[in-house]
Amino acid sequence: MTFAVHGLPVARGIAIGRAVLVVSSRIDVAHYFIKPEEIDTEIDRVRTARNAVADELAKLQTNVAQMGPNDAPHELAALLEVHQMLLQDEALTGGVKHWITDRLYNAEWALTTQLEIIARQFDEMEDEYLRERKADLEQVVERLLHRMKGTAAVLAPSPPRRKRPAAEDDDDPTAGDGIDAPLVLIAHDLSPADMLQFKKSVFAGFVTDVGGRTSHTAIVARSMDIPAVVGARTASQLVRQDDWVIIDGDAGVVIVDPSPIILAEYGFKQRQGDLERGRLARLRHKPAVTLDGQRVELLANIEMPEDTVGAMKAGAVGVGLFRSEFLFMGRESQRQTRLPDEEEQYQAYKRAVEGMQGMPVTIRTIDVGADKPLDGKAGVKQEHLNPALGLRAIRWSLADPAMFLTQLRAILRAAAHGEIHLLIPMLAHASEIRQTLSLIDFARTELDNRGAVYGAVKLGAMIEIPAAALTLKIFLKYFDFLSIGTNDLIQYTLAIDRADEAVAHLYDPAHPAVLRLVADTIAECRRQGKGVAVCGEMAGDVAFTRLLLGLGLRSFSMHPSRILAVKQEVLRADTGKLEAWAKSVLESDDPASVLAGS
């Protein structure tokens with residue numbers, strides 16, 4: 001039966017494919033595809049864990065049997081017996097084997113997937129006693145996951161893609177058995193580390209129950225240029241494994257089990273989107289120059305050095321934001337329990353510089369905390385009352401100078417291979433600025449003392465806290481350029497948690513206060529002859545391109561997938577005519593209406 005789930009549209013386009021459910025667990029579970037030759041290894045891992053848990057339960061049963069009736073109630077022995085039965089149940093073991101063998105899921109993912117399927121069967125039982133056994137099954141699977149924790153295999157680069165026999169109607173993606181159909185990911189939530197892993201695969205679209213327009217799930221989905229809907233609340237409960245799903249990333253709608261008529265309609269939209277992308281691709285080598293001759297820099301935001309390939313392909317003239325924290329994430333699932341050392345970071349930054357072939361690369365120092373937890377960092381407490389307001393970004397780095405110095409040395413060394421701009425996130429106080437600059441000098445001294453080669457860097461600061469935007473002159477005393485991080489600037493200006501779908505409707509890039517802070521930052525930088533860029537989501541949103549040009553912005557940094565669409569707007573713009581209009585937008589009580597009506 002066809003039904004629709006509504007959420008927030010965060011990455012445009014239409015995706016049609018089979019649902020792959022990623023089930024949330026109380027234990028962190030790695031989700032990745034294995035190689036076919038690793039199937040036996042993964043099944044052995046489950047078997048080994050099952051045998052260990054069976055032994056564990058048997059010992060408990062023995063202990064209970066030796067206790068007196070006052071020490072161990074009869075129900076406890078019966079419960080342990082139920083757990084043993086569930087552990088050996090064919091529905092669990094056979095299902096797990098199926099997901100590993102047929103879908104190439106890693107063992108932990110196969111376990112949680114099968115748990116979800118059986119749990120739903122328990123939910124549908126009329127007998128209350130049997131229904132309550134769901135909790136026992138969850139406990140058994142948790143035991144298995146605990147046993148396997150820390151034994152994850154190395155990430156395989158791609159998911160299963162198996163060819164099906166040619167169907168009679170190849171225009172119908174649901175024709176045949178769908179074994180080679182595109183896959184769409186459905187999850188309650190995805191961590192940045194999970195997103196990083198999925199980024200290496202070929203999912204056609206994403207849907208999550210939670211998240212806002214600028215949650216990191218949304219940002220990474222946009223960077224992958226695939227349709228995505230977040231904040232869909234109950235999607236992961238309503239959609240079943242292998243359901244056919246349409247993701248409408250323009251409208252924020254997820255259609256499950258579509259009828260042939262709906263499928264034909266969305267198939268047409270999908271083809272129209274492909275045609276539009278093909279048309280934009282012709283702009284790749286065209287310089288971004290406005291009608292009145294203003295040259296505009298269109299830079300790329302990247303997460304990993306390998307993303308420079310996509311940046312070059314999109315026609316970026318440099319990297320405006322390398323989110324270096326992604327080098328530090330997802331390491332536990334790759335058996336890398338330690339943070340990247342100086343040499344590993346140096347090699348990564350060097351690859352990014354080389355990947356851009358002489359064009360500048362702006363590296364933001366690590367920005368962890370809040371919705372980007374750092375794993376593999378033993379001894380650091382990551383739970384904070386208000387994480388977005390707590391120990392994150394430069395605050396984290398200054399609290400751990402050894403880690404920060406390691407990163408600074410690596411970046412400075414990489415600067416010997418090409419033009420690097422060093423960008424510091426979330427500064428608010430002059431004391432933080434001075435402390436940061438002191439540590440940069442100290443990193444240079446350390447490199448001098450050991451005779452290491454390093455290069456010069458331009459120093460920049462992110463403007464993403466209202467306090468920074470209101471004290472620009474202090475920042476411009478110390479830095480060569482500023483970069484406006486609009487995602488956090490909006491979050492902090494409007495007091496909206498950008499990852500919380502409950503308040504997502506209040507997240508407003510066109511709020512007069514936000515636009516005033518952005519405009520003043522651009523104007524002050526231009527007055528002082530300092531460089532200024534916008535690197536938040538606003539930079540890649542064509543609804544704001546003309547406004548930002550009218551405010552004087554000449555440097556935009558965005559996901560590579562957005563560069564050509566923004567370039568099209570730049571090519572159509574006349575900045576001379578936009579200045580007065582931009583001023584009227586700033587003075588309006590309702591800038592969103594002015595923007596929509598222009």
# chains A, B, ... in the order shown; residues from 1 in each chain; ligands from 1

call {"tool": "residues_around", "arguments": {"residues": "segment 267-270 of chain A", "least_positions_apart": "2", "cutoff": "8 Å", "atoms": "only C-alpha atoms", "output": "ChimeraX atom specification"}}
result
/A:13-15,263-265,272-274

call {"tool": "write_last_selection", "arguments": {"atoms": "C-alpha atoms", "output": "compact mmCIF listing (two decimals), in the first residue's frame"}}
result
# COMPACT_ATOMS: atom_id res chain seq x y z
CA GLY A 13 16.61 15.58 -6.63
CA ILE A 14 14.65 12.37 -6.90
CA ALA A 15 15.90 8.95 -5.83
CA LEU A 263 6.40 5.88 -10.12
CA ALA A 264 6.00 7.13 -13.71
CA GLU A 265 5.53 10.70 -12.49
CA GLN A 272 14.32 16.15 -15.93
CA GLY A 273 16.79 16.58 -13.09
CA ASP A 274 19.42 14.60 -14.96

call {"tool": "atom_distance", "arguments": {"atom1": "atom CA of Val10 of chain A", "atom2": "atom CA of Val309 of chain A"}}
result
23.3 Å

call {"tool": "closest_residue", "arguments": {"among": "A:Leu79, A:Leu549, A:Ile246, A:Leu389", "to": "Asp488 of chain A", "atoms": "only C-alpha atoms"}}
result
A:Leu389

call {"tool": "residues_around", "arguments": {"residues": "segment 108-115 of chain A", "least_positions_apart": "5", "cutoff": "6 Å", "atoms": "only C-alpha atoms", "output": "list in words"}}
result
His31, Gly95, Val96 and Trp99 of chain A

call {"tool": "residues_around", "arguments": {"residues": "segment 282-287 of chain A", "least_positions_apart": "5", "cutoff": "9 Å", "atoms": "only C-alpha atoms", "output": "PyMOL selection string"}}
result
chain A and resi 295-296+313-316+563-564+567-568+571

call {"tool": "write_last_selection", "arguments": {"atoms": "C-alpha atoms", "output": "PDB file, in the first residue's frame"}}
result
ATOM      1  CA  ARG A 295      35.286  37.953 -10.992  1.00  0.00           C
ATOM      2  CA  VAL A 296      33.874  35.661  -8.302  1.00  0.00           C
ATOM      3  CA  LYS A 313      35.524  18.056 -11.497  1.00  0.00           C
ATOM      4  CA  ALA A 314      33.034  20.732 -10.435  1.00  0.00           C
ATOM      5  CA  GLY A 315      35.379  23.515 -11.544  1.00  0.00           C
ATOM      6  CA  ALA A 316      36.306  24.838  -8.069  1.00  0.00           C
ATOM      7  CA  ILE A 563      29.180  25.113  -7.622  1.00  0.00           C
ATOM      8  CA  LEU A 564      27.703  24.948 -11.116  1.00  0.00           C
ATOM      9  CA  LYS A 567      27.977  29.812 -11.128  1.00  0.00           C
ATOM     10  CA  GLN A 568      24.896  30.037 -13.323  1.00  0.00           C
ATOM     11  CA  LEU A 571      26.917  34.641 -14.771  1.00  0.00           C
TER      12      LEU A 571
END

call {"tool": "residues_around", "arguments": {"residues": "segment 533-540 of chain A", "least_positions_apart": "6", "cutoff": "9 Å", "atoms": "only C-alpha atoms", "output": "ChimeraX atom specification"}}
result
/A:214,219,297,299-301,320-321,481-489,509,518,522,548,553-563,565-566

call {"tool": "write_last_selection", "arguments": {"atoms": "C-alpha atoms", "output": "short mmCIF file (atom, residue, chain, number, x, y, z; two decimals), in the first residue's frame"}}
result
data_model
loop_
_atom_site.label_atom_id
_atom_site.label_comp_id
_atom_site.auth_asym_id
_atom_site.auth_seq_id
_atom_site.Cartn_x
_atom_site.Cartn_y
_atom_site.Cartn_z
CA THR A 214 22.18 21.90 8.48
CA ILE A 219 25.48 18.44 4.84
CA GLU A 297 35.73 32.85 -6.52
CA LEU A 299 35.54 27.33 -3.83
CA ALA A 300 34.79 23.84 -2.54
CA ASN A 301 34.04 22.52 0.94
CA GLY A 320 37.54 27.20 0.87
CA LEU A 321 36.91 24.81 3.75
CA PHE A 481 40.98 36.90 6.15
CA LEU A 482 37.63 35.94 7.64
CA SER A 483 35.26 33.18 6.67
CA ILE A 484 31.60 33.42 7.65
CA GLY A 485 30.23 30.08 8.85
CA THR A 486 26.55 30.80 8.35
CA ASN A 487 25.31 27.46 9.74
CA ASP A 488 26.57 28.15 13.24
CA LEU A 489 26.08 31.90 12.95
CA PRO A 509 18.98 32.22 7.06
CA VAL A 518 26.74 38.83 7.39
CA ILE A 522 31.58 41.61 4.40
CA LEU A 548 25.49 38.04 -1.28
CA LEU A 553 30.84 39.09 -1.45
CA ARG A 554 33.23 37.78 -4.09
CA SER A 555 34.26 34.47 -2.51
CA PHE A 556 31.81 31.60 -2.01
CA SER A 557 32.75 28.18 -0.63
CA MET A 558 30.25 25.33 -0.90
CA HIS A 559 29.75 21.68 -1.60
CA PRO A 560 31.20 20.88 -5.02
CA SER A 561 27.76 19.70 -6.12
CA ARG A 562 26.42 23.27 -5.77
CA ILE A 563 29.18 25.11 -7.62
CA ALA A 565 24.24 26.06 -10.01
CA VAL A 566 25.74 29.05 -8.17
#

call {"tool": "select_by_dssp", "arguments": {"residues": "segment 243-483 of chain A", "states": "strand (DSSP E or B)", "output": "PyMOL selection string"}}
result
chain A and resi 244-248+253-256+289+295+297-302+319-323+361-364+369+372+420-424+457-463+481-483

call {"tool": "atom_distance", "arguments": {"atom1": "atom CA of Ile394 of chain A", "atom2": "atom CA of Leu423 of chain A"}}
result
10.4 Å

call {"tool": "atom_distance", "arguments": {"atom1": "atom CA of Arg45 of chain A", "atom2": "atom CA of Arg18 of chain A"}}
result
27.4 Å

call {"tool": "select_by_dssp", "arguments": {"residues": "segment 368-512 of chain A", "states": "helix (DSSP H, G or I)", "output": "NGL selection string"}}
result
:A and (387-389 or 394-399 or 401-417 or 430-449 or 466-469 or 472-478 or 486-494 or 501-506 or 512)

call {"tool": "residues_around", "arguments": {"residues": "Gln241 of chain A", "least_positions_apart": "5", "cutoff": "10 Å", "atoms": "only C-alpha atoms", "output": "PyMOL selection string"}}
result
chain A and resi 18-22+113-114+116-117+185-186+236

call {"tool": "write_last_selection", "arguments": {"atoms": "all heavy atoms", "output": "PDB file, in the first residue's frame"}}
result
ATOM      1  N   ARG A  18      15.463   0.603  -3.471  1.00  0.00           N
ATOM      2  CA  ARG A  18      15.048  -0.273  -2.382  1.00  0.00           C
ATOM      3  C   ARG A  18      15.607   0.226  -1.045  1.00  0.00           C
ATOM      4  O   ARG A  18      16.738   0.697  -0.990  1.00  0.00           O
ATOM      5  CB  ARG A  18      15.539  -1.699  -2.624  1.00  0.00           C
ATOM      6  CG  ARG A  18      14.681  -2.489  -3.601  1.00  0.00           C
ATOM      7  CD  ARG A  18      15.075  -3.950  -3.571  1.00  0.00           C
ATOM      8  NE  ARG A  18      14.255  -4.748  -4.455  1.00  0.00           N
ATOM      9  CZ  ARG A  18      13.051  -5.234  -4.134  1.00  0.00           C
ATOM     10  NH1 ARG A  18      12.540  -4.960  -2.952  1.00  0.00           N
ATOM     11  NH2 ARG A  18      12.381  -5.974  -4.983  1.00  0.00           N
ATOM     12  N   ALA A  19      14.805   0.086  -0.005  1.00  0.00           N
ATOM     13  CA  ALA A  19      15.192   0.598   1.311  1.00  0.00           C
ATOM     14  C   ALA A  19      16.222  -0.305   1.979  1.00  0.00           C
ATOM     15  O   ALA A  19      16.088  -1.530   1.984  1.00  0.00           O
ATOM     16  CB  ALA A  19      13.960   0.711   2.207  1.00  0.00           C
ATOM     17  N   VAL A  20      17.249   0.333   2.514  1.00  0.00           N
ATOM     18  CA  VAL A  20      18.213  -0.351   3.379  1.00  0.00           C
ATOM     19  C   VAL A  20      18.096   0.311   4.747  1.00  0.00           C
ATOM     20  O   VAL A  20      18.384   1.496   4.892  1.00  0.00           O
ATOM     21  CB  VAL A  20      19.650  -0.209   2.848  1.00  0.00           C
ATOM     22  CG1 VAL A  20      20.641  -0.800   3.830  1.00  0.00           C
ATOM     23  CG2 VAL A  20      19.777  -0.876   1.489  1.00  0.00           C
ATOM     24  N   LEU A  21      17.634  -0.449   5.732  1.00  0.00           N
ATOM     25  CA  LEU A  21      17.411   0.129   7.061  1.00  0.00           C
ATOM     26  C   LEU A  21      18.663   0.017   7.917  1.00  0.00           C
ATOM     27  O   LEU A  21      19.272  -1.047   7.994  1.00  0.00           O
ATOM     28  CB  LEU A  21      16.263  -0.588   7.768  1.00  0.00           C
ATOM     29  CG  LEU A  21      14.848  -0.229   7.305  1.00  0.00           C
ATOM     30  CD1 LEU A  21      13.840  -1.107   8.010  1.00  0.00           C
ATOM     31  CD2 LEU A  21      14.549   1.226   7.597  1.00  0.00           C
ATOM     32  N   VAL A  22      19.028   1.124   8.532  1.00  0.00           N
ATOM     33  CA  VAL A  22      20.093   1.104   9.534  1.00  0.00           C
ATOM     34  C   VAL A  22      19.427   1.332  10.868  1.00  0.00           C
ATOM     35  O   VAL A  22      18.858   2.395  11.112  1.00  0.00           O
ATOM     36  CB  VAL A  22      21.144   2.192   9.256  1.00  0.00           C
ATOM     37  CG1 VAL A  22      22.122   2.286  10.415  1.00  0.00           C
ATOM     38  CG2 VAL A  22      21.893   1.874   7.980  1.00  0.00           C
ATOM     39  N   THR A 113      19.910  -5.449  11.921  1.00  0.00           N
ATOM     40  CA  THR A 113      18.853  -5.507  10.904  1.00  0.00           C
ATOM     41  C   THR A 113      17.883  -6.644  11.215  1.00  0.00           C
ATOM     42  O   THR A 113      16.652  -6.477  11.192  1.00  0.00           O
ATOM     43  CB  THR A 113      19.466  -5.717   9.510  1.00  0.00           C
ATOM     44  OG1 THR A 113      20.313  -4.609   9.206  1.00  0.00           O
ATOM     45  CG2 THR A 113      18.384  -5.833   8.448  1.00  0.00           C
ATOM     46  N   GLN A 114      18.429  -7.818  11.515  1.00  0.00           N
ATOM     47  CA  GLN A 114      17.562  -8.961  11.801  1.00  0.00           C
ATOM     48  C   GLN A 114      16.807  -8.756  13.112  1.00  0.00           C
ATOM     49  O   GLN A 114      15.654  -9.172  13.248  1.00  0.00           O
ATOM     50  CB  GLN A 114      18.406 -10.248  11.847  1.00  0.00           C
ATOM     51  CG  GLN A 114      17.586 -11.527  11.859  1.00  0.00           C
ATOM     52  CD  GLN A 114      16.669 -11.654  10.647  1.00  0.00           C
ATOM     53  OE1 GLN A 114      16.872 -11.006   9.626  1.00  0.00           O
ATOM     54  NE2 GLN A 114      15.635 -12.482  10.768  1.00  0.00           N
ATOM     55  N   GLU A 116      15.667  -5.951  14.174  1.00  0.00           N
ATOM     56  CA  GLU A 116      14.537  -5.082  13.870  1.00  0.00           C
ATOM     57  C   GLU A 116      13.396  -5.871  13.240  1.00  0.00           C
ATOM     58  O   GLU A 116      12.220  -5.665  13.565  1.00  0.00           O
ATOM     59  CB  GLU A 116      15.007  -3.966  12.923  1.00  0.00           C
ATOM     60  CG  GLU A 116      13.929  -3.016  12.454  1.00  0.00           C
ATOM     61  CD  GLU A 116      13.386  -2.130  13.564  1.00  0.00           C
ATOM     62  OE1 GLU A 116      13.971  -2.141  14.657  1.00  0.00           O
ATOM     63  OE2 GLU A 116      12.377  -1.445  13.332  1.00  0.00           O
ATOM     64  N   ILE A 117      13.728  -6.766  12.342  1.00  0.00           N
ATOM     65  CA  ILE A 117      12.689  -7.556  11.658  1.00  0.00           C
ATOM     66  C   ILE A 117      11.941  -8.444  12.648  1.00  0.00           C
ATOM     67  O   ILE A 117      10.704  -8.486  12.672  1.00  0.00           O
ATOM     68  CB  ILE A 117      13.332  -8.392  10.534  1.00  0.00           C
ATOM     69  CG1 ILE A 117      13.783  -7.457   9.401  1.00  0.00           C
ATOM     70  CG2 ILE A 117      12.360  -9.448  10.017  1.00  0.00           C
ATOM     71  CD1 ILE A 117      14.586  -8.132   8.331  1.00  0.00           C
ATOM     72  N   LEU A 185      19.001   4.733   1.799  1.00  0.00           N
ATOM     73  CA  LEU A 185      19.289   4.466   3.203  1.00  0.00           C
ATOM     74  C   LEU A 185      18.212   5.094   4.089  1.00  0.00           C
ATOM     75  O   LEU A 185      17.914   6.278   3.952  1.00  0.00           O
ATOM     76  CB  LEU A 185      20.649   5.049   3.552  1.00  0.00           C
ATOM     77  CG  LEU A 185      21.271   4.601   4.863  1.00  0.00           C
ATOM     78  CD1 LEU A 185      21.572   3.114   4.825  1.00  0.00           C
ATOM     79  CD2 LEU A 185      22.557   5.372   5.121  1.00  0.00           C
ATOM     80  N   ILE A 186      17.666   4.297   4.997  1.00  0.00           N
ATOM     81  CA  ILE A 186      16.653   4.780   5.944  1.00  0.00           C
ATOM     82  C   ILE A 186      17.196   4.544   7.344  1.00  0.00           C
ATOM     83  O   ILE A 186      17.546   3.411   7.691  1.00  0.00           O
ATOM     84  CB  ILE A 186      15.325   4.011   5.785  1.00  0.00           C
ATOM     85  CG1 ILE A 186      14.905   3.875   4.319  1.00  0.00           C
ATOM     86  CG2 ILE A 186      14.227   4.666   6.621  1.00  0.00           C
ATOM     87  CD1 ILE A 186      14.436   5.129   3.662  1.00  0.00           C
ATOM     88  N   SER A 236      11.914   5.411   9.831  1.00  0.00           N
ATOM     89  CA  SER A 236      12.624   4.150  10.061  1.00  0.00           C
ATOM     90  C   SER A 236      11.730   3.091  10.693  1.00  0.00           C
ATOM     91  O   SER A 236      12.070   1.914  10.675  1.00  0.00           O
ATOM     92  CB  SER A 236      13.862   4.396  10.934  1.00  0.00           C
ATOM     93  OG  SER A 236      13.481   4.725  12.249  1.00  0.00           O
TER      94      SER A 236
END
